[in-house]
>>> print(open('my_file.csv').read())   # CSV, C-alpha atoms
chain,number,residue,atom,x,y,z
A,106,MET,CA,-9.3,7.9,3.5
A,107,LYS,CA,-8.7,4.2,4.1
A,108,ARG,CA,-6.5,2.0,2.1
A,109,PRO,CA,-5.8,-1.7,2.2
A,110,ILE,CA,-2.4,-3.0,3.0
A,111,ARG,CA,0.0,-3.6,0.1
A,112,ALA,CA,-1.3,-7.1,-0.7
A,113,ILE,CA,-5.0,-6.8,0.3
A,114,ALA,CA,-7.4,-4.9,-1.9
A,115,ALA,CA,-10.7,-3.4,-0.7
A,116,ALA,CA,-12.8,-5.4,-3.1
A,117,ALA,CA,-13.4,-9.1,-2.4
A,118,LEU,CA,-12.0,-10.1,-5.8
A,119,LEU,CA,-8.7,-8.4,-5.2
A,120,LEU,CA,-8.6,-9.8,-1.7
A,121,ALA,CA,-8.9,-13.3,-3.1
A,122,GLY,CA,-6.1,-12.5,-5.5
A,123,THR,CA,-3.6,-11.8,-2.7
A,124,ALA,CA,-3.3,-15.5,-1.9
A,125,THR,CA,-0.7,-15.7,-4.6
A,126,ALA,CA,0.6,-12.2,-4.2
A,127,PHE,CA,4.2,-13.0,-4.4
A,128,VAL,CA,5.7,-15.2,-7.2
A,129,VAL,CA,9.4,-15.7,-6.8
A,130,ASN,CA,11.4,-15.6,-10.0
A,131,SER,CA,15.1,-16.3,-10.5
A,132,ALA,CA,17.7,-13.9,-9.1
A,133,ALA,CA,17.9,-10.7,-11.1
A,134,ASN,CA,20.6,-9.8,-13.5
A,135,ALA,CA,21.1,-6.2,-14.4
A,136,ALA,CA,18.1,-4.6,-16.1
A,137,THR,CA,15.5,-7.4,-15.5
A,138,GLU,CA,12.0,-6.4,-16.5
A,139,ILE,CA,9.0,-7.7,-14.5
A,140,CYS,CA,5.5,-7.2,-15.8
A,141,GLN,CA,3.8,-10.1,-14.0
A,142,GLN,CA,1.2,-8.9,-11.6
A,143,TYR,CA,2.9,-10.2,-8.5
A,144,GLY,CA,6.3,-11.1,-10.0
A,145,SER,CA,9.4,-10.7,-7.9
A,146,THR,CA,13.1,-11.4,-8.0
A,147,THR,CA,16.2,-11.0,-5.8
A,148,ILE,CA,19.1,-8.6,-6.0
A,149,GLN,CA,22.6,-8.7,-4.4
A,150,ASN,CA,21.5,-12.1,-3.0
A,151,ARG,CA,20.1,-10.1,-0.2
A,152,TYR,CA,16.9,-8.2,-1.1
A,153,VAL,CA,13.6,-9.0,-2.9
A,154,VAL,CA,12.2,-6.6,-5.6
A,155,GLN,CA,8.4,-7.0,-6.2
A,156,ASN,CA,6.0,-5.6,-8.8
A,157,ASN,CA,2.9,-6.2,-6.6
A,158,ARG,CA,0.2,-4.7,-8.9
A,159,TRP,CA,-2.6,-5.6,-6.6
A,160,GLY,CA,-5.2,-2.8,-7.2
A,161,THR,CA,-5.7,-2.8,-11.0
A,162,THR,CA,-5.8,-5.1,-14.0
A,163,ALA,CA,-4.0,-2.5,-16.1
A,164,GLU,CA,-0.3,-3.1,-17.0
A,165,GLN,CA,2.5,-2.2,-14.8
A,166,CYS,CA,6.2,-3.1,-15.4
A,167,ILE,CA,9.3,-2.4,-13.4
A,168,ASN,CA,12.9,-2.5,-14.5
A,169,VAL,CA,15.1,-4.2,-11.9
A,170,THR,CA,18.8,-3.2,-11.6
A,171,ASP,CA,21.5,-4.5,-9.3
A,172,SER,CA,20.7,-1.8,-6.7
A,173,GLY,CA,17.0,-1.1,-7.1
A,174,PHE,CA,14.3,-0.6,-9.7
A,175,SER,CA,12.3,1.9,-11.8
A,176,ILE,CA,8.7,1.9,-13.0
A,177,THR,CA,8.7,1.7,-16.8
A,178,ARG,CA,4.9,1.4,-17.4
A,179,GLN,CA,2.0,2.1,-15.1
A,180,GLN,CA,-1.4,2.2,-16.8
A,181,GLY,CA,-3.7,1.9,-13.8
A,182,VAL,CA,-5.9,4.7,-12.5
A,183,GLY,CA,-6.9,4.7,-8.9
A,184,ASN,CA,-9.5,6.8,-7.0
A,185,THR,CA,-7.6,9.4,-5.0
A,186,SER,CA,-10.3,9.1,-2.3
A,187,GLY,CA,-9.5,5.4,-2.1
A,188,ALA,CA,-6.6,3.0,-2.5
A,189,PRO,CA,-3.5,3.2,-4.7
A,190,VAL,CA,-3.2,0.7,-7.5
A,191,SER,CA,0.1,-1.1,-6.5
A,192,TYR,CA,3.1,-1.1,-4.3
A,193,PRO,CA,6.3,-1.9,-6.3
A,194,SER,CA,9.1,-2.1,-3.8
A,195,VAL,CA,12.4,-3.6,-2.6
A,196,PHE,CA,12.5,-5.2,0.8
A,197,LEU,CA,14.5,-7.0,3.4
A,198,GLY,CA,12.8,-9.7,5.6
A,199,CYS,CA,9.7,-11.8,5.1
A,200,HIS,CA,6.4,-10.7,3.5
A,201,TYR,CA,3.6,-13.1,2.5
A,202,THR,CA,6.0,-16.1,2.7
A,203,ASN,CA,8.5,-14.4,0.4
A,204,CYS,CA,11.7,-14.0,2.4
A,205,SER,CA,14.8,-12.3,1.3
A,206,PRO,CA,18.0,-14.5,1.0
A,207,GLY,CA,19.8,-15.0,4.3
A,208,THR,CA,17.5,-12.7,6.3
A,209,ASN,CA,17.5,-12.8,10.1
A,210,LEU,CA,13.9,-11.4,10.2
A,211,PRO,CA,11.6,-11.8,11.9
A,212,ILE,CA,13.5,-10.6,15.0
A,213,GLN,CA,12.1,-9.5,18.3
A,214,VAL,CA,12.3,-5.8,19.0
A,215,SER,CA,13.9,-6.4,22.3
A,216,ALA,CA,16.7,-8.3,20.6
A,217,ILE,CA,17.5,-5.5,18.0
A,218,THR,CA,20.8,-3.7,18.8
A,219,ASN,CA,20.7,-1.5,15.7
A,220,ALA,CA,18.7,-1.3,12.5
A,221,THR,CA,19.9,1.0,9.8
A,222,SER,CA,18.8,1.8,6.2
A,223,SER,CA,19.8,3.9,3.3
A,224,ILE,CA,17.5,5.0,0.4
A,225,ASN,CA,17.9,7.1,-2.8
A,226,TYR,CA,14.8,7.9,-4.8
A,227,SER,CA,14.1,9.6,-8.2
A,228,PHE,CA,10.8,11.4,-8.5
A,229,VAL,CA,8.7,12.6,-11.4
A,230,ASN,CA,6.1,15.3,-12.0
A,231,GLY,CA,2.6,14.9,-13.3
A,232,ALA,CA,1.8,11.6,-11.5
A,233,THR,CA,-0.2,11.0,-8.3
A,234,TYR,CA,1.8,8.9,-5.8
A,235,ASN,CA,3.7,8.7,-2.6
A,236,ALA,CA,7.2,7.5,-2.0
A,237,SER,CA,6.5,5.0,0.7
A,238,TYR,CA,8.9,3.4,3.2
A,239,ASP,CA,7.2,0.6,5.2
A,240,ILE,CA,8.3,-1.1,8.4
A,241,TRP,CA,6.1,-4.1,9.4
A,242,LEU,CA,5.7,-5.5,12.9
A,243,ASP,CA,3.6,-8.2,14.5
A,244,PRO,CA,3.2,-9.8,18.0
A,245,SER,CA,4.4,-13.1,16.5
A,246,PRO,CA,7.4,-13.9,14.2
A,247,LYS,CA,5.1,-13.9,11.2
A,248,ARG,CA,6.2,-14.7,7.7
A,249,ASP,CA,2.8,-14.8,6.0
A,250,GLY,CA,-0.4,-12.9,6.1
A,251,VAL,CA,-1.3,-9.5,7.6
A,252,ASN,CA,1.0,-7.9,10.2
A,253,GLN,CA,-0.8,-6.0,12.9
A,254,MET,CA,1.3,-2.8,12.7
A,255,GLU,CA,2.6,-0.9,9.7
A,256,ILE,CA,4.8,2.1,10.0
A,257,MET,CA,4.7,4.3,6.8
A,258,ILE,CA,7.3,7.0,6.1
A,259,TRP,CA,6.2,9.2,3.3
A,260,PHE,CA,9.4,10.6,1.7
A,261,ASN,CA,7.3,12.5,-0.9
A,262,ARG,CA,3.8,12.8,-2.1
A,263,GLN,CA,2.2,14.3,-5.2
A,264,GLY,CA,-1.5,14.8,-5.9
A,265,ASN,CA,-4.6,14.9,-3.7
A,266,ILE,CA,-3.8,11.9,-1.5
A,267,GLN,CA,-3.4,11.4,2.2
A,268,PRO,CA,-2.4,8.7,4.7
A,269,ILE,CA,-4.8,6.3,6.5
A,270,GLY,CA,-6.6,7.8,9.5
A,271,SER,CA,-6.1,11.4,10.7
A,272,PRO,CA,-3.3,13.6,11.9
A,273,VAL,CA,-2.4,13.3,15.6
A,274,GLY,CA,0.4,15.9,15.8
A,275,THR,CA,4.1,16.2,14.9
A,276,ALA,CA,7.2,14.3,16.0
A,277,THR,CA,10.9,14.6,15.7
A,278,VAL,CA,12.4,11.3,14.7
A,279,GLY,CA,15.8,10.7,13.2
A,280,GLY,CA,16.6,14.4,13.6
A,281,ARG,CA,13.7,15.4,11.3
A,282,THR,CA,10.2,16.8,12.0
A,283,TRP,CA,7.3,14.8,10.7
A,284,GLU,CA,3.5,15.2,10.5
A,285,VAL,CA,2.1,12.0,12.2
A,286,TRP,CA,-1.1,10.3,11.1
A,287,GLN,CA,-2.7,7.3,12.9
A,288,GLY,CA,-5.5,5.0,11.9
A,289,SER,CA,-6.5,1.5,10.7
A,290,ASN,CA,-7.3,0.1,7.2
A,291,GLY,CA,-9.5,-2.5,8.7
A,292,SER,CA,-6.8,-5.2,8.6
A,293,ASN,CA,-3.9,-3.6,10.5
A,294,ASN,CA,-3.0,-0.4,12.4
A,295,VAL,CA,-1.0,2.2,10.6
A,296,ILE,CA,1.2,5.1,11.9
A,297,SER,CA,2.4,7.4,9.1
A,298,TYR,CA,5.2,10.0,9.1
A,299,LEU,CA,4.9,12.7,6.4
A,300,ALA,CA,7.9,14.7,5.4
A,301,PRO,CA,7.1,18.4,5.0
A,302,SER,CA,9.1,18.5,1.8
A,303,ALA,CA,10.5,15.8,-0.5
A,304,ILE,CA,13.4,13.7,0.7
A,305,THR,CA,15.4,12.1,-2.2
A,306,SER,CA,18.1,10.5,-0.2
A,307,TRP,CA,18.6,9.6,3.5
A,308,ASN,CA,20.7,7.3,5.8
A,309,PHE,CA,18.8,6.7,9.0
A,310,SER,CA,18.0,4.4,11.9
A,311,VAL,CA,14.9,2.3,11.4
A,312,LEU,CA,15.0,1.7,15.2
A,313,ASP,CA,14.2,5.4,15.8
A,314,PHE,CA,10.8,4.9,14.2
A,315,ILE,CA,10.2,1.6,16.0
A,316,ASN,CA,11.0,3.2,19.3
A,317,ASP,CA,8.7,6.1,18.6
A,318,ILE,CA,5.6,3.9,18.0
A,319,ARG,CA,6.6,1.8,21.0
A,320,ASN,CA,6.7,5.0,23.2
A,321,ARG,CA,3.2,5.7,21.8
A,322,GLY,CA,2.0,2.4,23.2
A,323,ALA,CA,1.3,0.9,19.7
A,324,ILE,CA,3.7,-2.1,20.2
A,325,THR,CA,5.9,-3.6,23.0
A,326,ASN,CA,9.4,-4.9,23.0
A,327,SER,CA,8.0,-8.5,22.6
A,328,TRP,CA,6.8,-7.7,19.1
A,329,TYR,CA,8.7,-8.8,16.0
A,330,LEU,CA,10.1,-6.8,13.1
A,331,THR,CA,9.2,-8.8,10.0
A,332,SER,CA,10.2,-6.7,7.0
A,333,ILE,CA,11.6,-3.3,5.8
A,334,GLN,CA,10.4,-2.1,2.4
A,335,ALA,CA,10.9,0.9,0.1
A,336,GLY,CA,9.0,1.8,-3.0
A,337,PHE,CA,6.0,3.7,-4.4
A,338,GLU,CA,2.3,3.7,-4.1
A,339,PRO,CA,1.0,5.1,-7.4
A,340,TRP,CA,-2.6,6.2,-7.9
A,341,ILE,CA,-2.2,7.7,-11.4
A,342,GLY,CA,0.8,7.3,-13.6
A,343,GLY,CA,4.3,6.8,-12.2
A,344,ALA,CA,6.5,5.8,-15.1
A,345,GLY,CA,10.0,7.1,-14.2
A,346,LEU,CA,9.7,6.7,-10.5
A,347,ALA,CA,12.8,4.9,-9.2
A,348,VAL,CA,14.5,3.5,-6.1
A,349,ASN,CA,18.0,4.0,-7.3
A,350,SER,CA,19.5,2.3,-4.3
A,351,PHE,CA,18.4,0.6,-1.1
A,352,SER,CA,20.1,-1.1,1.8
A,353,ALA,CA,19.0,-2.2,5.2
A,354,ALA,CA,20.6,-4.2,8.1
A,355,VAL,CA,19.2,-5.4,11.4
A,356,ASN,CA,21.5,-6.6,14.0
A,357,GLY,CA,20.8,-8.5,17.2
A,358,PRO,CA,23.0,-9.7,20.1
A,359,ALA,CA,26.3,-11.1,18.9
A,360,THR,CA,26.9,-14.8,19.4
A,361,ASN,CA,30.1,-16.9,19.0
A,362,PRO,CA,29.6,-19.1,16.0
A,363,THR,CA,33.0,-20.7,16.2
A,364,THR,CA,32.9,-24.5,16.5
A,365,VAL,CA,34.5,-25.8,19.7
A,366,PRO,CA,37.4,-28.1,18.7
A,367,PRO,CA,37.5,-31.7,20.1
A,368,THR,CA,39.3,-31.9,23.4
A,369,THR,CA,42.3,-34.2,23.9
A,370,SER,CA,42.2,-34.0,27.6
A,371,SER,CA,40.1,-35.8,30.2
A,372,PRO,CA,36.4,-35.2,30.0
A,373,THR,CA,35.0,-32.3,31.9
A,374,PRO,CA,33.5,-33.5,35.2
A,375,PRO,CA,29.8,-33.1,35.6
A,376,ALA,CA,28.5,-29.8,36.9
A,377,THR,CA,27.9,-29.5,40.5
A,378,THR,CA,24.4,-28.0,40.1
A,379,SER,CA,21.5,-29.8,38.6
A,380,PRO,CA,20.0,-28.6,35.3
A,381,PRO,CA,16.4,-27.4,35.3
A,382,PRO,CA,14.0,-30.3,35.3
A,383,GLY,CA,12.4,-31.4,32.1
A,384,PRO,CA,8.8,-30.3,31.3
A,385,ALA,CA,6.2,-32.1,33.3
A,386,GLY,CA,3.7,-33.4,30.7
A,387,GLY,CA,5.7,-32.7,27.5
A,388,CYS,CA,6.9,-30.2,24.9
A,389,THR,CA,6.5,-29.6,21.2
A,390,ILE,CA,9.0,-28.1,18.9
A,391,THR,CA,8.2,-26.2,15.6
A,392,TYR,CA,11.2,-25.8,13.4
A,393,ASP,CA,10.5,-23.4,10.5
A,394,THR,CA,13.3,-22.8,8.0
A,395,ASN,CA,14.0,-20.6,5.0
A,396,ALA,CA,16.8,-22.2,3.0
A,397,TRP,CA,18.9,-21.1,0.0
A,398,ASN,CA,21.9,-22.7,-1.8
A,399,SER,CA,24.5,-21.8,0.8
A,400,GLY,CA,22.6,-21.3,4.0
A,401,PHE,CA,19.3,-20.9,5.9
A,402,THR,CA,17.5,-19.3,8.7
A,403,ALA,CA,15.5,-21.2,11.3
A,404,ASN,CA,12.8,-19.9,13.7
A,405,VAL,CA,12.3,-22.4,16.5
A,406,THR,CA,9.2,-22.4,18.8
A,407,VAL,CA,9.4,-24.3,22.1
A,408,ARG,CA,5.9,-25.0,23.4
A,409,ASN,CA,5.2,-26.2,26.9
A,410,THR,CA,2.4,-28.8,26.6
A,411,GLY,CA,2.6,-29.7,30.2
A,412,SER,CA,0.7,-28.6,33.2
A,413,THR,CA,3.4,-26.7,35.0
A,414,ALA,CA,5.7,-23.8,34.1
A,415,ILE,CA,9.2,-24.3,32.8
A,416,ASN,CA,11.7,-22.1,34.7
A,417,GLY,CA,14.8,-22.1,32.6
A,418,TRP,CA,15.2,-24.0,29.4
A,419,ASP,CA,17.9,-25.6,27.3
A,420,LEU,CA,17.0,-27.1,23.9
A,421,GLY,CA,19.3,-29.6,22.5
A,422,PHE,CA,19.5,-31.0,18.9
A,423,THR,CA,21.9,-32.2,16.3
A,424,LEU,CA,22.3,-30.3,13.0
A,425,PRO,CA,22.9,-32.4,9.9
A,426,SER,CA,26.4,-32.5,8.5
A,427,GLY,CA,27.6,-29.3,6.8
A,428,GLN,CA,25.5,-26.9,8.8
A,429,ARG,CA,27.2,-24.2,10.9
A,430,ILE,CA,25.4,-21.6,13.0
A,431,GLY,CA,26.6,-18.0,12.5
A,432,ASN,CA,24.4,-15.8,14.6
A,433,SER,CA,21.2,-16.2,16.7
A,434,TRP,CA,18.6,-14.2,18.5
A,435,ASN,CA,16.4,-14.6,21.6
A,436,ALA,CA,18.6,-17.4,22.9
A,437,THR,CA,22.2,-18.2,23.7
A,438,VAL,CA,23.1,-20.8,21.0
A,439,THR,CA,26.4,-22.8,21.1
A,440,GLN,CA,27.5,-25.5,18.7
A,441,ASN,CA,30.0,-28.2,19.4
A,442,GLY,CA,30.6,-30.3,16.3
A,443,GLN,CA,27.0,-30.8,15.1
A,444,THR,CA,25.5,-30.7,18.6
A,445,VAL,CA,23.6,-27.5,19.4
A,446,SER,CA,22.5,-26.1,22.7
A,447,ALA,CA,20.0,-23.2,22.8
A,448,LYS,CA,19.5,-21.7,26.2
A,449,ASN,CA,17.0,-19.0,27.3
A,450,ILE,CA,18.2,-15.5,27.9
A,451,ALA,CA,17.2,-13.4,30.9
A,452,TRP,CA,13.8,-12.2,29.9
A,453,ASN,CA,12.3,-15.4,28.3
A,454,GLY,CA,13.4,-18.2,30.7
A,455,VAL,CA,9.9,-18.9,32.0
A,456,ILE,CA,7.5,-20.8,29.7
A,457,ALA,CA,4.0,-21.0,31.3
A,458,ALA,CA,1.9,-24.2,30.9
A,459,GLY,CA,0.5,-24.0,27.4
A,460,GLY,CA,2.8,-21.1,26.5
A,461,SER,CA,5.8,-20.9,24.2
A,462,ALA,CA,9.1,-19.2,23.6
A,463,THR,CA,10.6,-18.5,20.1
A,464,PHE,CA,14.2,-18.0,19.1
A,465,GLY,CA,16.1,-18.2,15.8
A,466,PHE,CA,19.4,-18.4,14.1
A,467,GLN,CA,21.2,-18.1,10.7
A,468,ALA,CA,23.5,-20.8,9.5
A,469,SER,CA,25.6,-21.8,6.5
A,470,SER,CA,24.9,-25.1,4.8
A,471,THR,CA,26.7,-27.3,2.3
A,472,GLY,CA,25.2,-30.3,0.5
A,473,ALA,CA,21.6,-31.3,0.5
A,474,PHE,CA,19.5,-29.4,3.1
A,475,ALA,CA,17.9,-31.3,5.9
A,476,GLU,CA,16.4,-30.5,9.3
A,477,PRO,CA,17.2,-32.0,12.8
A,478,GLY,CA,15.2,-35.1,13.5
A,479,ALA,CA,14.9,-34.9,17.3
A,480,PHE,CA,14.9,-32.3,20.1
A,481,THR,CA,15.3,-32.5,23.9
A,482,LEU,CA,14.2,-29.8,26.4
A,483,ASN,CA,16.2,-29.9,29.6
A,484,GLY,CA,17.0,-33.5,28.7
A,485,THR,CA,13.4,-34.6,28.0
A,486,ALA,CA,12.5,-35.6,24.4
A,487,CYS,CA,10.0,-33.3,22.7
A,488,ALA,CA,7.5,-33.9,19.9
A,489,VAL,CA,8.1,-32.2,16.6
A,490,ALA,CA,5.2,-30.4,15.0
>>> encode(input="my_file.csv", output="structure tokens")
Amino acid sequence: MKRPIRAIAAAALLLAGTATAFVVNSAANAATEICQQYGSTTIQNRYVVQNNRWGTTAEQCINVTDSGFSITRQQGVGNTSGAPVSYPSVFLGCHYTNCSPGTNLPIQVSAITNATSSINYSFVNGATYNASYDIWLDPSPKRDGVNQMEIMIWFNRQGNIQPIGSPVGTATVGGRTWEVWQGSNGSNNVISYLAPSAITSWNFSVLDFINDIRNRGAITNSWYLTSIQAGFEPWIGGAGLAVNSFSAAVNGPATNPTTVPPTTSSPTPPATTSPPPGPAGGCTITYDTNAWNSGFTANVTVRNTGSTAINGWDLGFTLPSGQRIGNSWNATVTQNGQTVSAKNIAWNGVIAAGGSATFGFQASSTGAFAEPGAFTLNGTACAVA
């Protein structure tokens, strides 16, 4: 069978409804109930829990705890030859513009040093559902819309349902054997891993699954991991299903966030080698941020609008007062006072004419949030998109 992705229904009416698929509410206290169709909240100041009842008008409610959620009511009835009625879940990262607090996702696959997760489920009898763990990837650092690749891990299934596509064999991933299915729902490609028997609890490496689909040729190291989600896809019933606990962490290359103290000695003499020349014809910077009360993440795109390639780049800018970078990815980022230098790493130093490079960082912030007003690339001023 074919199913739409979590926030896109097969019918045009439901498809139109996904434009507002995620409504962010205030941070969850213990035992917060969400019945709104696309209602969501945060837990642990780190994860987003979402109701995401996208495939039915019937009522669905979830009870959000400090560590997960449970389905308290699910009145929708889906066709087991078609799509499920919803995907209540908890996630880390960005999905349809809803980003979890402080996330460093999207992050490029090549920059991931490790990605781990832990999950504990409670299952029920008499319902038709799968316990679904989703890993989303895209060629761009996407925070909105449909990602091109979805990895689904089916920890359990009950009823006459099956993944998208068709079986393509078995694989050993994370020390377990899985039945592998592959297909497309018309909007994105899906590779699914089915457990031969129910798994209620597991600590594992998300990167093992990413590496497996990369080895299958489905993605490359230049793709981005955008979110990690754990929840349920109910077709019929589902009250009592629960994610008792969920955790996930994705780490990239370590950077030194320490501010360099002002020097009291003589200024450092100029370098004996010349820096790379500025772009011939211009550059444009896109500075996308996701801010919360004590910090933010920034994804920065450096676009070469000139007619010749840039071979080696160093982006300079000044952060507003009170902002301090903690970690970064896809660039070597240093901060001296409020002055920042972001230099290419080995594999992304060349930006072709008309091309771009993207890097990001996470920072703490005090006071009113603001963004840098100007950028220079190899000493040449850039336009700001």
>>> residues_around(input="my_file.csv", residues="A:Thr394", least_positions_apart="5", cutoff="9 Å", atoms="all atoms listed in the file", output="list in words")
Phe401, Thr402, Ala403, Asn404, Val405 and Glu476 of chain A
>>> closest_atom_pairs(input="my_file.csv", of="stretch 303-338 of chain A", to="stretch 234-257 of chain A", cutoff="6 Å", atoms="all atoms listed in the file", output="CSV")
residue,atom,partner,partner_atom,distance
A:Trp328,CA,A:Pro244,CA,4.3
A:Tyr329,CA,A:Asp243,CA,5.3
A:Leu330,CA,A:Leu242,CA,4.6
A:Thr331,CA,A:Leu242,CA,5.6
A:Ser332,CA,A:Trp241,CA,5.4
A:Ile333,CA,A:Ile240,CA,4.7
A:Gln334,CA,A:Asp239,CA,5.0
A:Ala335,CA,A:Tyr238,CA,4.5
A:Gly336,CA,A:Ser237,CA,5.5
A:Phe337,CA,A:Ala236,CA,4.7
A:Glu338,CA,A:Asn235,CA,5.4
>>> closest_residue(input="my_file.csv", among="A:Ala488, A:Ala396, A:Ile415, A:Ala344", to="A:Ala232", atoms="only C-alpha atoms")
A:Ala344
>>> atom_distance(input="my_file.csv", atom1="atom CA of A:Glu164", atom2="atom CA of A:Gln267")
24.3 Å
>>> residues_around(input="my_file.csv", residues="stretch 442-446 of chain A", least_positions_apart="5", cutoff="6 Å", atoms="only C-alpha atoms", output="list in words")
Leu420, Gly421, Phe422, Thr423 and Leu424 of chain A
>>> atom_distance(input="my_file.csv", atom1="atom CA of A:Trp259", atom2="atom CA of A:Ser297")
7.2 Å
>>> atom_distance(input="my_file.csv", atom1="atom CA of A:Val455", atom2="atom CA of A:Asn441")
25.5 Å
>>> closest_residue(input="my_file.csv", among="A:Trp397, A:Trp340, A:Trp159, A:Trp418", to="A:Ala468", atoms="only C-alpha atoms")
A:Trp397
>>> residues_around(input="my_file.csv", residues="stretch 170-178 of chain A", least_positions_apart="6", cutoff="10 Å", atoms="all atoms listed in the file", output="compact mmCIF listing (two decimals) with C-alpha atoms, keeping the file's coordinate frame")
# COMPACT_ATOMS: atom_id res chain seq x y z
CA ALA A 133 17.90 -10.70 -11.10
CA ASN A 134 20.60 -9.80 -13.50
CA ALA A 135 21.10 -6.20 -14.40
CA ALA A 136 18.10 -4.60 -16.10
CA THR A 137 15.50 -7.40 -15.50
CA GLU A 138 12.00 -6.40 -16.50
CA ILE A 139 9.00 -7.70 -14.50
CA CYS A 140 5.50 -7.20 -15.80
CA THR A 147 16.20 -11.00 -5.80
CA ILE A 148 19.10 -8.60 -6.00
CA GLN A 149 22.60 -8.70 -4.40
CA ASN A 150 21.50 -12.10 -3.00
CA TYR A 152 16.90 -8.20 -1.10
CA VAL A 153 13.60 -9.00 -2.90
CA VAL A 154 12.20 -6.60 -5.60
CA GLN A 155 8.40 -7.00 -6.20
CA ASN A 156 6.00 -5.60 -8.80
CA ALA A 163 -4.00 -2.50 -16.10
CA GLU A 164 -0.30 -3.10 -17.00
CA PRO A 193 6.30 -1.90 -6.30
CA SER A 194 9.10 -2.10 -3.80
CA VAL A 195 12.40 -3.60 -2.60
CA PHE A 196 12.50 -5.20 0.80
CA ILE A 224 17.50 5.00 0.40
CA ASN A 225 17.90 7.10 -2.80
CA TYR A 226 14.80 7.90 -4.80
CA SER A 227 14.10 9.60 -8.20
CA ALA A 335 10.90 0.90 0.10
CA GLY A 336 9.00 1.80 -3.00
CA PHE A 337 6.00 3.70 -4.40
CA GLY A 342 0.80 7.30 -13.60
CA GLY A 343 4.30 6.80 -12.20
CA ALA A 344 6.50 5.80 -15.10
CA GLY A 345 10.00 7.10 -14.20
CA LEU A 346 9.70 6.70 -10.50
CA ALA A 347 12.80 4.90 -9.20
CA VAL A 348 14.50 3.50 -6.10
CA ASN A 349 18.00 4.00 -7.30
CA SER A 350 19.50 2.30 -4.30
CA PHE A 351 18.40 0.60 -1.10
CA SER A 352 20.10 -1.10 1.80
>>> decode(input="my_file.csv", residues="stretch 241-252 of chain A", atoms="N, CA and C atoms", output="PDB file, in the first residue's frame")
ATOM      1  N   TRP A 241      14.331  11.528   9.309  1.00  0.00           N
ATOM      2  CA  TRP A 241      14.076  12.307   8.094  1.00  0.00           C
ATOM      3  C   TRP A 241      15.369  12.924   7.575  1.00  0.00           C
ATOM      4  N   LEU A 242      15.563  12.851   6.253  1.00  0.00           N
ATOM      5  CA  LEU A 242      16.764  13.398   5.614  1.00  0.00           C
ATOM      6  C   LEU A 242      16.390  14.112   4.323  1.00  0.00           C
ATOM      7  N   ASP A 243      17.233  15.091   3.965  1.00  0.00           N
ATOM      8  CA  ASP A 243      16.977  15.871   2.754  1.00  0.00           C
ATOM      9  C   ASP A 243      18.306  16.381   2.192  1.00  0.00           C
ATOM     10  N   PRO A 244      18.384  16.619   0.881  1.00  0.00           N
ATOM     11  CA  PRO A 244      19.623  17.165   0.308  1.00  0.00           C
ATOM     12  C   PRO A 244      19.946  18.568   0.803  1.00  0.00           C
ATOM     13  N   SER A 245      18.961  19.296   1.337  1.00  0.00           N
ATOM     14  CA  SER A 245      19.184  20.653   1.841  1.00  0.00           C
ATOM     15  C   SER A 245      18.863  20.697   3.334  1.00  0.00           C
ATOM     16  N   PRO A 246      19.361  21.709   4.054  1.00  0.00           N
ATOM     17  CA  PRO A 246      19.065  21.826   5.487  1.00  0.00           C
ATOM     18  C   PRO A 246      17.635  22.312   5.705  1.00  0.00           C
ATOM     19  N   LYS A 247      16.695  21.481   5.417  1.00  0.00           N
ATOM     20  CA  LYS A 247      15.296  21.857   5.311  1.00  0.00           C
ATOM     21  C   LYS A 247      14.617  21.888   6.672  1.00  0.00           C
ATOM     22  N   ARG A 248      13.850  22.949   6.912  1.00  0.00           N
ATOM     23  CA  ARG A 248      13.084  23.071   8.149  1.00  0.00           C
ATOM     24  C   ARG A 248      11.585  23.078   7.895  1.00  0.00           C
ATOM     25  N   ASP A 249      11.185  23.037   6.638  1.00  0.00           N
ATOM     26  CA  ASP A 249       9.774  23.117   6.308  1.00  0.00           C
ATOM     27  C   ASP A 249       9.491  22.222   5.112  1.00  0.00           C
ATOM     28  N   GLY A 250       8.269  21.723   5.041  1.00  0.00           N
ATOM     29  CA  GLY A 250       7.867  20.960   3.879  1.00  0.00           C
ATOM     30  C   GLY A 250       8.350  19.520   3.904  1.00  0.00           C
ATOM     31  N   VAL A 251       8.257  18.881   2.749  1.00  0.00           N
ATOM     32  CA  VAL A 251       8.511  17.448   2.630  1.00  0.00           C
ATOM     33  C   VAL A 251      10.000  17.176   2.477  1.00  0.00           C
ATOM     34  N   ASN A 252      10.546  16.306   3.315  1.00  0.00           N
ATOM     35  CA  ASN A 252      11.903  15.804   3.129  1.00  0.00           C
ATOM     36  C   ASN A 252      11.900  14.702   2.078  1.00  0.00           C
TER      37      ASN A 252
END
